[in-house]
>>> print(open('entry22.cif').read())   # mmCIF, C-alpha atoms and all ligand atoms
data_structure
loop_
_atom_site.group_PDB
_atom_site.id
_atom_site.type_symbol
_atom_site.label_atom_id
_atom_site.label_comp_id
_atom_site.auth_asym_id
_atom_site.auth_seq_id
_atom_site.Cartn_x
_atom_site.Cartn_y
_atom_site.Cartn_z
ATOM 1 C CA MET A 75 15.633 226.622 140.611
ATOM 2 C CA ARG A 76 13.170 228.508 138.379
ATOM 3 C CA SER A 77 11.465 225.678 136.560
ATOM 4 C CA LEU A 78 10.144 222.155 137.139
ATOM 5 C CA SER A 79 8.590 219.557 134.827
ATOM 6 C CA LEU A 80 6.287 217.074 136.547
ATOM 7 C CA ARG A 81 3.992 214.236 135.542
ATOM 8 C CA SER A 82 0.409 214.426 136.703
ATOM 9 C CA PRO A 83 -1.309 211.005 136.779
ATOM 10 C CA ALA A 84 -4.963 209.969 136.466
ATOM 11 C CA LYS A 85 -6.992 207.808 138.875
ATOM 12 C CA LEU A 86 -9.663 205.150 138.716
ATOM 13 C CA ASN A 87 -12.277 204.364 141.368
ATOM 14 C CA LEU A 88 -12.495 200.593 141.764
ATOM 15 C CA PHE A 89 -15.125 200.909 144.465
ATOM 16 C CA LEU A 90 -17.374 203.888 145.125
ATOM 17 C CA GLN A 91 -20.192 203.735 147.634
ATOM 18 C CA VAL A 92 -22.342 206.809 148.239
ATOM 19 C CA VAL A 93 -23.039 206.689 151.980
ATOM 20 C CA ASN A 94 -25.299 209.710 152.582
ATOM 21 C CA LYS A 95 -25.861 213.377 151.772
ATOM 22 C CA ARG A 96 -24.284 215.966 154.056
ATOM 23 C CA PRO A 97 -25.687 219.278 155.270
ATOM 24 C CA ASP A 98 -23.084 221.076 153.080
ATOM 25 C CA GLY A 99 -24.562 219.480 149.940
ATOM 26 C CA TYR A 100 -21.687 217.046 149.347
ATOM 27 C CA HIS A 101 -22.023 213.276 149.715
ATOM 28 C CA ASN A 102 -20.034 211.094 152.088
ATOM 29 C CA LEU A 103 -18.300 208.344 150.162
ATOM 30 C CA GLU A 104 -16.312 205.212 150.706
ATOM 31 C CA THR A 105 -14.097 204.806 147.700
ATOM 32 C CA VAL A 106 -10.965 202.984 146.573
ATOM 33 C CA PHE A 107 -8.591 205.027 144.420
ATOM 34 C CA GLU A 108 -6.006 203.560 142.074
ATOM 35 C CA ARG A 109 -3.355 205.732 140.433
ATOM 36 C CA ILE A 110 -2.747 204.807 136.774
ATOM 37 C CA ASP A 111 0.034 205.479 134.282
ATOM 38 C CA LEU A 112 -1.906 207.910 132.116
ATOM 39 C CA PHE A 113 -0.289 211.308 132.575
ATOM 40 C CA ASP A 114 -0.560 214.981 131.778
ATOM 41 C CA ASP A 115 2.746 216.882 131.725
ATOM 42 C CA LEU A 116 2.906 220.008 133.837
ATOM 43 C CA LYS A 117 5.727 222.509 133.470
ATOM 44 C CA LEU A 118 5.994 225.280 136.069
ATOM 45 C CA THR A 119 8.267 228.293 135.521
ATOM 46 C CA LEU A 120 8.522 231.178 137.982
ATOM 47 C CA ASN A 121 8.216 234.665 136.511
ATOM 48 C CA SER A 122 8.991 238.087 137.934
ATOM 49 C CA SER A 123 5.865 239.759 136.499
ATOM 50 C CA GLY A 124 3.826 238.422 139.426
ATOM 51 C CA ASP A 125 1.138 237.022 137.107
ATOM 52 C CA ILE A 126 -0.258 233.510 137.135
ATOM 53 C CA ARG A 127 -0.573 232.267 133.545
ATOM 54 C CA VAL A 128 -1.848 228.948 132.236
ATOM 55 C CA PHE A 129 -1.168 227.578 128.745
ATOM 56 C CA CYS A 130 -2.835 224.387 127.596
ATOM 57 C CA ASP A 131 -3.064 222.572 124.256
ATOM 58 C CA HIS A 132 -6.626 221.301 124.926
ATOM 59 C CA PRO A 133 -9.557 223.547 123.880
ATOM 60 C CA ASP A 134 -11.847 222.427 126.752
ATOM 61 C CA VAL A 135 -9.406 223.289 129.535
ATOM 62 C CA PRO A 136 -9.930 226.761 131.037
ATOM 63 C CA THR A 137 -6.737 228.802 131.287
ATOM 64 C CA ASP A 138 -8.153 231.383 133.706
ATOM 65 C CA SER A 139 -8.886 231.309 137.446
ATOM 66 C CA ARG A 140 -11.231 228.307 136.972
ATOM 67 C CA ASN A 141 -8.224 226.057 136.370
ATOM 68 C CA LEU A 142 -7.125 224.241 139.547
ATOM 69 C CA VAL A 143 -3.423 224.968 138.887
ATOM 70 C CA PHE A 144 -4.307 228.668 138.790
ATOM 71 C CA LYS A 145 -6.281 228.314 142.042
ATOM 72 C CA ALA A 146 -3.404 226.405 143.682
ATOM 73 C CA ALA A 147 -0.933 229.174 142.794
ATOM 74 C CA GLN A 148 -3.343 231.900 143.910
ATOM 75 C CA LEU A 149 -3.885 230.268 147.328
ATOM 76 C CA LEU A 150 -0.149 229.975 147.997
ATOM 77 C CA LYS A 151 0.689 233.401 146.575
ATOM 78 C CA ASP A 152 -1.914 235.058 148.839
ATOM 79 C CA ASP A 153 -1.086 233.086 152.001
ATOM 80 C CA PHE A 154 2.681 233.626 151.712
ATOM 81 C CA ALA A 155 2.462 237.142 150.206
ATOM 82 C CA LEU A 156 4.687 236.135 147.288
ATOM 83 C CA ALA A 157 5.669 238.700 144.661
ATOM 84 C CA GLU A 158 6.720 236.205 141.990
ATOM 85 C CA GLY A 159 4.259 234.747 139.533
ATOM 86 C CA VAL A 160 4.251 231.427 137.712
ATOM 87 C CA ASP A 161 3.626 230.145 134.189
ATOM 88 C CA PHE A 162 2.050 226.722 133.826
ATOM 89 C CA VAL A 163 2.219 224.754 130.585
ATOM 90 C CA ILE A 164 -0.106 221.757 130.590
ATOM 91 C CA LYS A 165 0.186 219.005 128.001
ATOM 92 C CA LYS A 166 -3.138 217.167 128.275
ATOM 93 C CA ARG A 167 -3.377 213.437 127.731
ATOM 94 C CA ILE A 168 -5.964 212.621 130.394
ATOM 95 C CA PRO A 169 -9.449 213.053 128.890
ATOM 96 C CA VAL A 170 -11.252 216.095 130.346
ATOM 97 C CA ALA A 171 -14.410 215.861 132.540
ATOM 98 C CA ALA A 172 -14.247 212.079 132.277
ATOM 99 C CA GLY A 173 -14.139 210.784 135.876
ATOM 100 C CA LEU A 174 -10.349 210.375 135.784
ATOM 101 C CA ALA A 175 -9.605 213.475 137.922
ATOM 102 C CA GLY A 176 -7.135 215.013 135.466
ATOM 103 C CA GLY A 177 -7.868 218.577 136.613
ATOM 104 C CA SER A 178 -7.637 217.562 140.290
ATOM 105 C CA SER A 179 -4.348 215.815 139.666
ATOM 106 C CA ASN A 180 -2.995 218.936 137.916
ATOM 107 C CA GLY A 181 -4.019 220.985 140.973
ATOM 108 C CA ALA A 182 -2.233 218.625 143.384
ATOM 109 C CA THR A 183 0.865 218.530 141.172
ATOM 110 C CA ALA A 184 0.900 222.347 141.098
ATOM 111 C CA LEU A 185 0.814 222.450 144.933
ATOM 112 C CA LEU A 186 3.681 219.945 145.187
ATOM 113 C CA GLY A 187 5.747 221.763 142.536
ATOM 114 C CA LEU A 188 5.164 225.263 143.898
ATOM 115 C CA SER A 189 6.045 224.188 147.436
ATOM 116 C CA ARG A 190 9.483 223.267 146.033
ATOM 117 C CA LEU A 191 9.948 226.180 143.618
ATOM 118 C CA TRP A 192 8.888 228.797 146.154
ATOM 119 C CA LYS A 193 10.826 226.924 148.891
ATOM 120 C CA LEU A 194 7.783 226.832 151.165
ATOM 121 C CA ASP A 195 8.645 223.415 152.602
ATOM 122 C CA LEU A 196 4.981 222.673 153.181
ATOM 123 C CA THR A 197 4.280 219.590 155.285
ATOM 124 C CA ARG A 198 1.947 216.889 153.987
ATOM 125 C CA ARG A 199 -0.667 218.149 156.434
ATOM 126 C CA GLU A 200 -0.438 221.710 155.071
ATOM 127 C CA LEU A 201 -0.506 220.490 151.477
ATOM 128 C CA LEU A 202 -3.617 218.432 152.255
ATOM 129 C CA ALA A 203 -5.429 221.467 153.662
ATOM 130 C CA TYR A 204 -4.784 223.348 150.377
ATOM 131 C CA ALA A 205 -5.726 220.260 148.374
ATOM 132 C CA ARG A 206 -9.096 219.980 150.161
ATOM 133 C CA ALA A 207 -9.804 223.621 149.384
ATOM 134 C CA LEU A 208 -9.269 222.865 145.670
ATOM 135 C CA GLY A 209 -11.643 219.856 145.417
ATOM 136 C CA SER A 210 -12.681 216.443 146.728
ATOM 137 C CA ASP A 211 -10.364 214.426 144.453
ATOM 138 C CA VAL A 212 -7.238 216.554 144.966
ATOM 139 C CA PRO A 213 -5.924 215.126 148.318
ATOM 140 C CA PHE A 214 -5.411 211.605 146.895
ATOM 141 C CA PHE A 215 -2.762 212.972 144.518
ATOM 142 C CA VAL A 216 -0.861 214.705 147.328
ATOM 143 C CA HIS A 217 -0.163 211.264 148.776
ATOM 144 C CA ASP A 218 2.611 209.277 147.187
ATOM 145 C CA CYS A 219 0.693 206.007 146.864
ATOM 146 C CA SER A 220 -0.808 203.803 144.163
ATOM 147 C CA TRP A 221 -3.821 202.769 146.230
ATOM 148 C CA ALA A 222 -5.926 204.473 148.886
ATOM 149 C CA VAL A 223 -9.292 204.443 150.590
ATOM 150 C CA GLY A 224 -11.088 207.783 150.469
ATOM 151 C CA THR A 225 -13.838 208.723 152.943
ATOM 152 C CA GLY A 226 -15.682 211.965 153.718
ATOM 153 C CA ARG A 227 -16.103 213.781 150.361
ATOM 154 C CA GLY A 228 -13.417 211.398 149.079
ATOM 155 C CA ASP A 229 -10.887 213.836 150.542
ATOM 156 C CA ARG A 230 -9.912 211.860 153.692
ATOM 157 C CA ILE A 231 -7.196 209.565 152.428
ATOM 158 C CA LYS A 232 -5.820 206.395 153.947
ATOM 159 C CA PRO A 233 -3.113 204.883 151.726
ATOM 160 C CA ILE A 234 -3.317 201.120 151.179
ATOM 161 C CA ARG A 235 0.094 199.465 151.334
ATOM 162 C CA LEU A 236 -0.139 197.090 148.419
ATOM 163 C CA ASN A 237 2.427 196.058 145.835
ATOM 164 C CA ARG A 238 -0.032 194.682 143.323
ATOM 165 C CA LYS A 239 -0.258 196.217 139.881
ATOM 166 C CA PHE A 240 -3.152 195.606 137.516
ATOM 167 C CA TRP A 241 -3.650 196.110 133.803
ATOM 168 C CA HIS A 242 -6.839 197.724 132.553
ATOM 169 C CA ILE A 243 -8.625 198.503 129.372
ATOM 170 C CA LEU A 244 -9.883 202.105 129.649
ATOM 171 C CA PHE A 245 -12.437 203.641 127.312
ATOM 172 C CA VAL A 246 -13.716 207.217 127.469
ATOM 173 C CA PRO A 247 -16.819 207.872 125.328
ATOM 174 C CA SER A 248 -16.863 211.412 123.906
ATOM 175 C CA ILE A 249 -19.605 212.632 126.227
ATOM 176 C CA LYS A 250 -19.168 215.243 128.944
ATOM 177 C CA MET A 251 -20.561 214.438 132.384
ATOM 178 C CA TYR A 252 -21.110 217.031 135.092
ATOM 179 C CA THR A 253 -20.179 215.631 138.493
ATOM 180 C CA LYS A 254 -22.693 217.816 140.324
ATOM 181 C CA GLU A 255 -25.556 216.644 138.088
ATOM 182 C CA VAL A 256 -24.593 212.984 138.571
ATOM 183 C CA PHE A 257 -24.519 213.300 142.374
ATOM 184 C CA GLU A 258 -27.869 215.114 142.315
ATOM 185 C CA ALA A 259 -29.425 212.152 140.500
ATOM 186 C CA VAL A 260 -28.325 209.564 143.130
ATOM 187 C CA ASN A 261 -31.188 207.717 144.819
ATOM 188 C CA LEU A 262 -29.858 207.142 148.346
ATOM 189 C CA GLU A 263 -32.369 204.332 148.929
ATOM 190 C CA LEU A 264 -30.464 202.292 146.327
ATOM 191 C CA THR A 265 -26.959 202.785 147.725
ATOM 192 C CA LYS A 266 -27.556 201.258 151.168
ATOM 193 C CA THR A 267 -26.030 197.790 150.991
ATOM 194 C CA ASN A 268 -23.672 195.880 153.190
ATOM 195 C CA ASP A 269 -20.716 195.111 150.934
ATOM 196 C CA ASP A 270 -18.421 197.622 152.535
ATOM 197 C CA VAL A 271 -15.085 198.990 151.422
ATOM 198 C CA ASN A 272 -13.145 196.718 153.820
ATOM 199 C CA ILE A 273 -14.343 193.604 152.031
ATOM 200 C CA PHE A 274 -13.128 195.155 148.798
ATOM 201 C CA THR A 275 -9.694 196.151 150.126
ATOM 202 C CA ARG A 276 -9.184 192.697 151.662
ATOM 203 C CA SER A 277 -9.933 191.071 148.326
ATOM 204 C CA LEU A 278 -7.646 193.565 146.597
ATOM 205 C CA LYS A 279 -4.804 192.257 148.756
ATOM 206 C CA LYS A 280 -5.250 188.559 148.200
ATOM 207 C CA SER A 281 -7.835 187.553 145.632
ATOM 208 C CA ASP A 282 -7.393 186.861 141.939
ATOM 209 C CA ILE A 283 -8.654 189.420 139.493
ATOM 210 C CA SER A 284 -11.812 187.512 138.563
ATOM 211 C CA VAL A 285 -12.959 187.841 142.204
ATOM 212 C CA ILE A 286 -11.934 191.500 142.357
ATOM 213 C CA GLY A 287 -13.670 192.119 139.034
ATOM 214 C CA GLY A 288 -16.899 190.760 140.516
ATOM 215 C CA LEU A 289 -16.636 193.155 143.461
ATOM 216 C CA LEU A 290 -16.154 196.380 141.441
ATOM 217 C CA ARG A 291 -18.826 198.858 142.497
ATOM 218 C CA ASN A 292 -19.796 202.371 141.555
ATOM 219 C CA ASP A 293 -23.021 203.809 143.000
ATOM 220 C CA LEU A 294 -22.870 206.600 140.433
ATOM 221 C CA GLU A 295 -23.519 204.114 137.616
ATOM 222 C CA ILE A 296 -27.334 204.269 137.885
ATOM 223 C CA PRO A 297 -27.456 208.088 137.734
ATOM 224 C CA ILE A 298 -24.780 208.158 134.988
ATOM 225 C CA ILE A 299 -26.884 205.837 132.794
ATOM 226 C CA LYS A 300 -30.086 207.663 133.716
ATOM 227 C CA LEU A 301 -28.544 210.926 132.474
ATOM 228 C CA VAL A 302 -26.990 209.398 129.329
ATOM 229 C CA PRO A 303 -28.805 206.119 128.453
ATOM 230 C CA ASP A 304 -26.432 205.435 125.516
ATOM 231 C CA LEU A 305 -23.668 204.702 128.018
ATOM 232 C CA ARG A 306 -25.303 201.358 128.853
ATOM 233 C CA LYS A 307 -24.655 200.273 125.238
ATOM 234 C CA PHE A 308 -20.975 201.194 125.572
ATOM 235 C CA LYS A 309 -20.707 199.317 128.856
ATOM 236 C CA ASP A 310 -22.356 196.209 127.335
ATOM 237 C CA TYR A 311 -19.878 196.458 124.479
ATOM 238 C CA MET A 312 -16.966 196.544 126.953
ATOM 239 C CA MET A 313 -18.419 193.547 128.840
ATOM 240 C CA ALA A 314 -18.669 191.569 125.595
ATOM 241 C CA LEU A 315 -14.874 191.868 125.316
ATOM 242 C CA LYS A 316 -14.733 189.719 128.451
ATOM 243 C CA ALA A 317 -12.743 191.895 130.782
ATOM 244 C CA GLN A 318 -12.822 190.724 134.413
ATOM 245 C CA GLY A 319 -15.489 193.174 135.541
ATOM 246 C CA VAL A 320 -16.292 196.553 133.989
ATOM 247 C CA SER A 321 -17.099 199.720 135.915
ATOM 248 C CA PHE A 322 -17.285 203.476 135.535
ATOM 249 C CA SER A 323 -14.646 205.677 137.167
ATOM 250 C CA GLY A 324 -15.933 208.536 139.345
ATOM 251 C CA SER A 325 -18.891 210.296 137.732
ATOM 252 C CA GLY A 326 -17.981 208.899 134.293
ATOM 253 C CA PRO A 327 -18.163 208.558 131.386
ATOM 254 C CA ALA A 328 -14.739 206.830 131.603
ATOM 255 C CA MET A 329 -15.205 203.082 132.008
ATOM 256 C CA PHE A 330 -12.585 200.435 132.578
ATOM 257 C CA GLY A 331 -12.179 196.685 132.800
ATOM 258 C CA LEU A 332 -9.633 194.578 134.679
ATOM 259 C CA THR A 333 -7.519 192.365 132.436
ATOM 260 C CA GLU A 334 -5.256 189.389 133.158
ATOM 261 C CA ASN A 335 -2.174 191.019 131.624
ATOM 262 C CA ARG A 336 -0.875 193.644 129.228
ATOM 263 C CA GLU A 337 -1.520 191.504 126.144
ATOM 264 C CA ARG A 338 -5.245 191.165 126.954
ATOM 265 C CA ALA A 339 -5.536 194.925 127.602
ATOM 266 C CA GLU A 340 -3.823 195.707 124.273
ATOM 267 C CA GLU A 341 -5.920 193.156 122.415
ATOM 268 C CA MET A 342 -9.129 194.809 123.693
ATOM 269 C CA MET A 343 -7.665 198.226 122.897
ATOM 270 C CA GLY A 344 -7.120 197.095 119.293
ATOM 271 C CA VAL A 345 -10.786 196.056 118.980
ATOM 272 C CA LEU A 346 -12.175 199.261 120.516
ATOM 273 C CA GLN A 347 -9.831 201.525 118.548
ATOM 274 C CA LYS A 348 -11.421 200.344 115.293
ATOM 275 C CA GLN A 349 -14.537 202.267 116.347
ATOM 276 C CA PHE A 350 -13.533 204.774 118.989
ATOM 277 C CA SER A 351 -10.841 207.250 119.966
ATOM 278 C CA GLN A 352 -9.837 207.687 123.637
ATOM 279 C CA VAL A 353 -9.045 204.024 124.280
ATOM 280 C CA PHE A 354 -6.056 203.147 126.490
ATOM 281 C CA ALA A 355 -4.271 200.159 128.007
ATOM 282 C CA VAL A 356 -3.203 201.395 131.447
ATOM 283 C CA ARG A 357 -1.501 199.998 134.520
ATOM 284 C CA THR A 358 -1.408 200.781 138.234
ATOM 285 C CA PHE A 359 1.232 203.433 138.820
HETATM 286 O O1 LIG B 1 -15.256 218.675 145.095
HETATM 287 P P1 LIG B 1 -15.592 218.917 143.656
HETATM 288 O O2 LIG B 1 -15.542 220.370 143.297
HETATM 289 O O3 LIG B 1 -14.794 218.073 142.726
HETATM 290 O O4 LIG B 1 -17.087 218.434 143.475
HETATM 291 C C1 LIG B 1 -17.892 218.801 142.374
HETATM 292 C C2 LIG B 1 -19.358 218.612 142.722
HETATM 293 O O5 LIG B 1 -19.662 217.217 142.872
HETATM 294 C C3 LIG B 1 -19.771 219.238 144.049
HETATM 295 O O6 LIG B 1 -20.189 220.563 143.873
HETATM 296 C C4 LIG B 1 -20.919 218.353 144.515
HETATM 297 O O7 LIG B 1 -22.118 218.763 143.911
HETATM 298 C C5 LIG B 1 -20.561 216.989 143.945
HETATM 299 N N1 LIG B 1 -19.915 216.102 144.942
HETATM 300 C C6 LIG B 1 -20.687 215.529 145.944
HETATM 301 N N2 LIG B 1 -20.075 214.699 146.844
HETATM 302 C C7 LIG B 1 -18.760 214.429 146.766
HETATM 303 C C8 LIG B 1 -17.963 215.005 145.753
HETATM 304 C C9 LIG B 1 -18.578 215.837 144.852
HETATM 305 O O8 LIG B 1 -21.902 215.749 146.024
HETATM 306 N N3 LIG B 1 -18.215 213.600 147.657
#
>>> encode(input="entry22.cif", output="structure tokens")
Amino acid sequence: MRSLSLRSPAKLNLFLQVVNKRPDGYHNLETVFERIDLFDDLKLTLNSSGDIRVFCDHPDVPTDSRNLVFKAAQLLKDDFALAEGVDFVIKKRIPVAAGLAGGSSNGATALLGLSRLWKLDLTRRELLAYARALGSDVPFFVHDCSWAVGTGRGDRIKPIRLNRKFWHILFVPSIKMYTKEVFEAVNLELTKTNDDVNIFTRSLKKSDISVIGGLLRNDLEIPIIKLVPDLRKFKDYMMALKAQGVSFSGSGPAMFGLTENRERAEEMMGVLQKQFSQVFAVRTF
């Protein structure tokens, strides 16, 4: 086998508590990840030149060693002293630098694909070690699960066994957020509250979506809005559509609402699309 075509999904954070700041500069989190059916396509083809090459149709995606698929290939190539190279072709659908972890998902998908193409037979544990080296959001995508709790940097993953699927309206304002800047603007005095992640996961298992909607939490919201005050207007606009709870994903600016069903998500999409691009009706995947 010389070539593989894989789908690389996006995520939402339904709950994100910033617990504290660590000596290494990162923040400990308690977060709930949900995989959604918004995908990039990633095609991997081995080459005999030995080079790692990245081709992407989106102008904001780096095609050099800054791209996480490039880094994934470089790590494996060095560790296993591989002579072959690989060409990646990325078809981008997941908005870039939006809080949806598109780049992280591409990196995880590259690790999974290369382990097969290069016949490395990496265990989940080995894949996770590489994933952690690529970034905090990468390990979630190495797990084959729709739902998970993330702790540590968000990189310690405990899958949640849950068959529920939700529909969402997802809107990504055309503003770039820088994750580092958002975390730097967190006021840790404001993130200390008792509603812990276990309460959220319990409600995820048994409550109706109006209850879950009321429990959505993202401690990055205050710094996100502090950095880009206009985002409050967009969030108010989303809330006026009467989704069951609206929240940002990750460090934004992507924001989503829970909806009762597909029809409601598509109805809201129709309204938002009159004014904005980057509006999606998405489902748990
Ligand atoms: O791990 P990743 O490279 O995606 O993180 C980007 C930046 O976001 C980090 O350099 C750090 O400043 C911030 N971050 C953090 N705490 C986390 C995850 C990210 O402070 N748990």
>>> closest_atom_pairs(input="entry22.cif", of="chain A", to="ligand LIG 1 (chain B)", cutoff="9 Å", atoms="only C-alpha atoms and all ligand atoms", output="JSON lines")
{"residue": "A:Val92", "atom": "CA", "partner": "B:LIG1", "partner_atom": "N3", "distance": 8.0}
{"residue": "A:Lys95", "atom": "CA", "partner": "B:LIG1", "partner_atom": "O8", "distance": 7.4}
{"residue": "A:Arg96", "atom": "CA", "partner": "B:LIG1", "partner_atom": "O8", "distance": 8.4}
{"residue": "A:Asp98", "atom": "CA", "partner": "B:LIG1", "partner_atom": "O8", "distance": 8.9}
{"residue": "A:Gly99", "atom": "CA", "partner": "B:LIG1", "partner_atom": "O8", "distance": 6.0}
{"residue": "A:Tyr100", "atom": "CA", "partner": "B:LIG1", "partner_atom": "O8", "distance": 3.6}
{"residue": "A:His101", "atom": "CA", "partner": "B:LIG1", "partner_atom": "N2", "distance": 3.7}
{"residue": "A:Asn102", "atom": "CA", "partner": "B:LIG1", "partner_atom": "N3", "distance": 5.4}
{"residue": "A:Leu103", "atom": "CA", "partner": "B:LIG1", "partner_atom": "N3", "distance": 5.8}
{"residue": "A:Ala175", "atom": "CA", "partner": "B:LIG1", "partner_atom": "O3", "distance": 8.4}
{"residue": "A:Ser178", "atom": "CA", "partner": "B:LIG1", "partner_atom": "O3", "distance": 7.6}
{"residue": "A:Arg206", "atom": "CA", "partner": "B:LIG1", "partner_atom": "O1", "distance": 8.1}
{"residue": "A:Ala207", "atom": "CA", "partner": "B:LIG1", "partner_atom": "O1", "distance": 8.5}
{"residue": "A:Leu208", "atom": "CA", "partner": "B:LIG1", "partner_atom": "O2", "distance": 7.2}
{"residue": "A:Gly209", "atom": "CA", "partner": "B:LIG1", "partner_atom": "O1", "distance": 3.8}
{"residue": "A:Ser210", "atom": "CA", "partner": "B:LIG1", "partner_atom": "O1", "distance": 3.8}
{"residue": "A:Asp211", "atom": "CA", "partner": "B:LIG1", "partner_atom": "O3", "distance": 6.0}
{"residue": "A:Val212", "atom": "CA", "partner": "B:LIG1", "partner_atom": "O3", "distance": 8.0}
{"residue": "A:Thr225", "atom": "CA", "partner": "B:LIG1", "partner_atom": "N3", "distance": 8.4}
{"residue": "A:Gly226", "atom": "CA", "partner": "B:LIG1", "partner_atom": "N3", "distance": 6.8}
{"residue": "A:Arg227", "atom": "CA", "partner": "B:LIG1", "partner_atom": "N3", "distance": 3.4}
{"residue": "A:Gly228", "atom": "CA", "partner": "B:LIG1", "partner_atom": "N3", "distance": 5.5}
{"residue": "A:Asp229", "atom": "CA", "partner": "B:LIG1", "partner_atom": "N3", "distance": 7.9}
{"residue": "A:Tyr252", "atom": "CA", "partner": "B:LIG1", "partner_atom": "O5", "distance": 7.9}
{"residue": "A:Thr253", "atom": "CA", "partner": "B:LIG1", "partner_atom": "O5", "distance": 4.7}
{"residue": "A:Lys254", "atom": "CA", "partner": "B:LIG1", "partner_atom": "O7", "distance": 3.8}
{"residue": "A:Glu255", "atom": "CA", "partner": "B:LIG1", "partner_atom": "O7", "distance": 7.1}
{"residue": "A:Val256", "atom": "CA", "partner": "B:LIG1", "partner_atom": "O5", "distance": 7.8}
{"residue": "A:Phe257", "atom": "CA", "partner": "B:LIG1", "partner_atom": "O8", "distance": 5.1}
{"residue": "A:Glu258", "atom": "CA", "partner": "B:LIG1", "partner_atom": "O7", "distance": 7.0}
{"residue": "A:Ser325", "atom": "CA", "partner": "B:LIG1", "partner_atom": "O5", "distance": 8.7}
>>> resolve_selection(input="entry22.cif", expression="the PyMOL selection byres (((chain A and resi 222) around 8) and not hetatm)", output="list in words")
Val106, Phe107, Glu108, Phe214, Cys219, Ser220, Trp221, Val223, Gly224, Ile231, Lys232, Pro233 and Ile234 of chain A
>>> closest_residue(input="entry22.cif", among="A:Gly326, A:Gly331, A:Pro303, A:Gly173", to="Ile283 in chain A", atoms="all atoms listed in the file")
A:Gly331
>>> closest_residue(input="entry22.cif", among="A:Thr119, A:Ser284, A:Ser248, A:Gln148", to="Met75 in chain A", atoms="only C-alpha atoms")
A:Thr119
>>> closest_residue(input="entry22.cif", among="A:Lys239, A:Arg338, A:Lys300, A:Arg190", to="Met251 in chain A", atoms="only C-alpha atoms")
A:Lys300
>>> resolve_selection(input="entry22.cif", expression="the PyMOL selection byres (((chain A and resi 265-280) around 9) and not hetatm)", output="ChimeraX atom specification")
/A:88-94,104-106,223,234,236-238,260-264,281-283,285-286,289-290,293
>>> atom_distance(input="entry22.cif", atom1="CA of Pro327 in chain A", atom2="CA of Lys165 in chain A")
21.4 Å
>>> atom_distance(input="entry22.cif", atom1="CA of Leu332 in chain A", atom2="CA of Ile299 in chain A")
20.7 Å
>>> resolve_selection(input="entry22.cif", expression="the PyMOL selection byres (((chain A and resi 200) around 12) and not hetatm)", output="NGL selection string")
:A and (150 or 153 or 185-186 or 189 or 194-199 or 201-207 or 213 or 216)
>>> residues_around(input="entry22.cif", residues="Phe144 in chain A", least_positions_apart="4", cutoff="9 Å", atoms="only C-alpha atoms", output="JSON, numbers by chain")
{"A": [126, 127, 128, 137, 138, 139, 140, 148, 149, 162, 181, 184]}
>>> atom_distance(input="entry22.cif", atom1="CA of His132 in chain A", atom2="CA of Ala172 in chain A")
14.0 Å
>>> residues_near_point(input="entry22.cif", point="(6.6, 215.2, 137.0)", cutoff="8 Å", atoms="all atoms listed in the file", output="PyMOL selection string")
chain A and resi 78-82+115-116+183
>>> closest_residue(input="entry22.cif", among="A:Gly176, A:Arg235, A:Val170, A:Gly288", to="Gln352 in chain A", atoms="all atoms listed in the file")
A:Val170
